[in-house]
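In what follows, a single structure is set out as structure tokens and then discussed.
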Amino acid sequence: MLQMVDTRRSAPGGGNPPPPASIEQLLMMQTHLMQQMAQTIQNNQNNPLQQFHQVRDKQGEFLKGCPPTFNHSPDPLQADDWLRAVERQLEIAQCDDREKVLYASGQL
């Protein structure tokens, strides 16, 4: 004789599972979730730590411009041309003074 066994898990507490949610309940839950998401987005826009993670890669922007390297030249005009080209790339990347020193010295 074959006996059937119930392998489904019962709800916590041994009771029946809750009835499915109505359309109205689902819409209310969806509205609540959307309000929470909007609040989270608004809080992140006002949070300076969140904005910190959105900092531009200035060094990458500087290097994308293919700034020239300078080795040595007895001609001061070549040094001046190099300096102007590097300064132009630093301005395009919107580097501050500290970054200008760091990035330009890497091209020497």
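Going by the structure tokens order, chains are called A, B, ..., each with residues numbered from 1, while ligands are numbered from 1 in the order shown.
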> Can you list, as a count of residues only, every protein, DNA or RNA residue that comes within 10 Å of Gly106 (chain A) when you count only C-alpha atoms, leaving out same-chain residues fewer than 6 positions away?
Replying inline: 3
> Separation of CA of Asp96 (chain A) and CA of Ser73 (chain A), in Å?
Replying inline: 27.6 Å
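Straight-line separation from CA of Pro19 (chain A) to CA of His32 (chain A): 20.6 Å.
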>> Considering only C-alpha atoms, can you say which of A:Phe62, A:Ala85, A:Pro68, A:Gln78 comes closest to Glu99 (chain A)?
In response: A:Phe62
> Contacts of Glu91 (chain A) at 12 Å or less, counting only C-alpha atoms, minus same-chain residues fewer than 2 places along, as JSON, numbers by chain?
Replying inline: {"A": [58, 59, 61, 62, 65, 67, 84, 85, 86, 87, 88, 89, 93, 94, 95, 96, 97, 99, 100, 103, 104]}
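Taking CA of Leu77 (chain A) as the reference point, CA of Ser105 (chain A) is found at 18.6 Å.
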> Any idea what's packed within 12 Å of His72 (chain A), counting only C-alpha atoms, ignoring anything in its chain fewer than 5 positions away? Could you give it as a ChimeraX atom specification?
Replying inline: /A:77-80,82,107-108
Based on the selection just made, write C-alpha atoms of those residues as a PDB file, in the first residue's frame.
ATOM      1  CA  LEU A  77      62.131  77.438 -25.603  1.00  0.00           C
ATOM      2  CA  GLN A  78      61.631  73.658 -25.611  1.00  0.00           C
ATOM      3  CA  ALA A  79      61.291  73.734 -21.836  1.00  0.00           C
ATOM      4  CA  ASP A  80      58.795  76.600 -22.132  1.00  0.00           C
ATOM      5  CA  TRP A  82      56.703  71.623 -22.528  1.00  0.00           C
ATOM      6  CA  GLN A 107      56.141  64.090 -16.637  1.00  0.00           C
ATOM      7  CA  LEU A 108      59.734  65.132 -15.959  1.00  0.00           C
TER       8      LEU A 108
END
